[in-house]
Amino acid sequence: MSNKLVYKTYYILLFVLAAGAFVSCQKNFLDRKPLGRYTEEDVSIGALDSKVFGMYALLRRAGFNQNTYLAIQSFRADEAQKGSAASDGAAYALMYDDFQYVANNGALQTYWTDHYAAILAANKIIEDVDSVGAAADPATLINRAEAQFIRAFCYFDLVRTFGRVPKIDFTGTAAELNIPKVANADELFTLIDADLNNAVNILPVDWEPKYIGRLTKGAALGLQTRTLMWRSNWAAALASAKALMGLNKYQLVLNTPATNNNGYRYQFTKEGENGSESLFEIQAYYVPTNDQGIEYALPQGVRGAGSWNLGWGWNTPTSVLENEFEAGDPRKAATLLYSGQADPYYGAVLPPYPGTIAQPYWNMKVYTNPADRITLNNTFGKWMNHRIIRYADILLLAAEAANELGGAQNTTDALTYLEMVRARARGSNAAILPKVITTDQAQLRDAIRHERMVELGMEEQRFYDIVRWKIDVIVLPAAGKSNYQVKHRLLPLPQGEIDKSGGVLIQNPDY
């Protein structure tokens, strides 16, 4: 049995436990007391695992995967658009493609609710561990660090999306949780920094195979690098990225027979999940008799007929992304699935796309193996993990930070990190993707930004990249999103939350 299958079989326990049925083949689960507020006697290895698994399960919700998430994190970029038919989700197109923001948009509420649900679950775990104090053993402290990572991950999403939001780092009644937004986003980053610092110090580098997919030190360093880059803290971000590299655990997936000589594409396949380049993935599990999958591939799958009925056809690439690829870049075929063409990876299994929706291309990174669709009796890819942080992303952030810091050694390092990513894409074909050699800071900056767009195409990083680079007001109108203004960097708070607060929560300016 593969590690992946062992892990996912075990992972089902989180749903059983969340439902209240206590089932486990692990002795430490069978022997422990009922969950609740812990005492010294209660604490043992794995004592908090059920709550931790329940927290992980919350990441399967729409606010982290489905069109709700994609609208906020992807549609708004120049590389993507709502997709599908114009009449399908027209309100989403107006909101996220055309930047006609309204506070009562349903995606806002779902995104907010799902993120705060995960935050509150994390708070409960942290409070339970803290109630034990010095009696907490190493395994219990790891549980706490997992919760801190999830809390930091959620708040980073919220602060980038809404700006100032309530800082809820405790559990309580609805009345106690009804608090105002923070006065300054720095308050949120203080919490994020503290949570990630502890996660980096406590989380293990590796888990035993049955726990594959659980959070690690590398995941914490990767998220930490992202949060520091968001604030242009170049030195700290570079140090975090170098600490990740220093773990000697991660490497780019290379072109080998084991990866069908296409390492870049391989990591987006079922076989490539949780591979050497993966820092953090939301785990999916789906078999015909047990649907615990996630709806990440489904909203983005080809909207066609027969064998091409793969999803809703949302979140489709734009010509801006297509045109960004250099001639011969193999990542283009691994990112764009063209209408009217047969299956480019799994042989002539499928007929050409029948064209029921006038869409030139779709997101290739969520395209699944036809054999898996038959075996699993499902065409919608609910078994596909959602890749959140990849090693290539961190290498490019390290290159960017080093270049911004400047100096001979940093420039050399920036070129080295950039070349690592380009070399993997180039493979053995020396005629494509020439090595970047410029030492001019502005030219190297442009090269790194280009590389992030083509390497991370359709991976929900582009909008936040152009915002932190402060080129969004140039790039988006040039891409045809003419309504975009600086105020659109932040979304309005959900109107339902404003109403429910009774005036405690104040709407963002301009909305």
# chains A, B, ... in the order shown; residues from 1 in each chain; ligands from 1
>>> residues_around(residues="Ile466 (chain A)", least_positions_apart="6", cutoff="9 Å", atoms="only C-alpha atoms", output="list in words")
Ala77, Asp472, Val473, Val475 and Leu476 of chain A
>>> residues_around(residues="region 237-243 of chain A", least_positions_apart="6", cutoff="8 Å", atoms="only C-alpha atoms", output="list of chain:residue names")
A:Leu221, A:Gly222, A:Gln224, A:Thr225, A:Arg226, A:Leu228, A:Met229, A:Ile394, A:Leu395, A:Leu397, A:Ala398, A:Ala401, A:Ala402
>>> closest_atom_pairs(of="region 207-300 of chain A", to="region 307-310 of chain A", cutoff="9 Å", atoms="only C-alpha atoms", output="tab-separated table")
residue	atom	partner	partner_atom	distance
A:Ala297	CA	A:Leu310	CA	8.6
A:Leu298	CA	A:Leu310	CA	6.9
A:Pro299	CA	A:Leu310	CA	8.9
A:Gln300	CA	A:Leu310	CA	8.3
>>> atom_distance(atom1="CA of Gly246 (chain A)", atom2="CA of Tyr391 (chain A)")
12.5 Å
>>> select_by_dssp(residues="region 202-330 of chain A", states="strand (DSSP E)", output="ChimeraX atom specification")
/A:278-282,285-287,290-292,314-317
>>> write_last_selection(atoms="N, CA and C atoms", output="mmCIF file, in the first residue's frame")
data_model
loop_
_atom_site.group_PDB
_atom_site.id
_atom_site.type_symbol
_atom_site.label_atom_id
_atom_site.label_comp_id
_atom_site.auth_asym_id
_atom_site.auth_seq_id
_atom_site.Cartn_x
_atom_site.Cartn_y
_atom_site.Cartn_z
ATOM 1 N N SER A 278 6.708 19.892 -2.594
ATOM 2 C CA SER A 278 5.509 20.311 -1.891
ATOM 3 C C SER A 278 5.804 20.715 -0.458
ATOM 4 N N LEU A 279 5.447 21.947 -0.109
ATOM 5 C CA LEU A 279 5.570 22.412 1.273
ATOM 6 C C LEU A 279 4.239 22.312 2.010
ATOM 7 N N PHE A 280 3.142 22.574 1.296
ATOM 8 C CA PHE A 280 1.834 22.571 1.945
ATOM 9 C C PHE A 280 0.764 22.319 0.894
ATOM 10 N N GLU A 281 -0.016 21.255 1.099
ATOM 11 C CA GLU A 281 -1.157 20.951 0.243
ATOM 12 C C GLU A 281 -2.377 20.676 1.119
ATOM 13 N N ILE A 282 -3.534 21.123 0.679
ATOM 14 C CA ILE A 282 -4.782 20.720 1.313
ATOM 15 C C ILE A 282 -5.119 19.336 0.775
ATOM 16 N N TYR A 285 -9.483 13.358 -0.253
ATOM 17 C CA TYR A 285 -9.656 11.903 -0.280
ATOM 18 C C TYR A 285 -10.988 11.600 -0.939
ATOM 19 N N TYR A 286 -10.943 10.769 -1.975
ATOM 20 C CA TYR A 286 -12.191 10.420 -2.668
ATOM 21 C C TYR A 286 -12.086 9.016 -3.238
ATOM 22 N N VAL A 287 -13.042 8.189 -2.886
ATOM 23 C CA VAL A 287 -13.297 6.923 -3.571
ATOM 24 C C VAL A 287 -14.809 6.857 -3.751
ATOM 25 N N ASN A 290 -16.756 6.633 -0.577
ATOM 26 C CA ASN A 290 -16.438 7.549 0.517
ATOM 27 C C ASN A 290 -15.946 8.871 -0.061
ATOM 28 N N ASP A 291 -16.837 9.812 -0.169
ATOM 29 C CA ASP A 291 -16.501 11.116 -0.748
ATOM 30 C C ASP A 291 -16.085 12.080 0.353
ATOM 31 N N GLN A 292 -14.782 12.196 0.546
ATOM 32 C CA GLN A 292 -14.218 13.212 1.424
ATOM 33 C C GLN A 292 -13.279 14.094 0.595
ATOM 34 N N TRP A 314 -14.970 27.371 -14.658
ATOM 35 C CA TRP A 314 -14.629 28.671 -14.062
ATOM 36 C C TRP A 314 -13.112 28.808 -13.929
ATOM 37 N N ASN A 315 -12.681 30.041 -13.646
ATOM 38 C CA ASN A 315 -11.264 30.353 -13.422
ATOM 39 C C ASN A 315 -10.417 29.909 -14.605
ATOM 40 N N THR A 316 -10.617 30.562 -15.722
ATOM 41 C CA THR A 316 -9.891 30.193 -16.937
ATOM 42 C C THR A 316 -8.757 31.178 -17.215
ATOM 43 N N PRO A 317 -7.683 30.692 -17.833
ATOM 44 C CA PRO A 317 -6.553 31.573 -18.160
ATOM 45 C C PRO A 317 -6.944 32.615 -19.209
#
>>> atom_distance(atom1="CA of Leu94 (chain A)", atom2="CA of Lys82 (chain A)")
9.4 Å
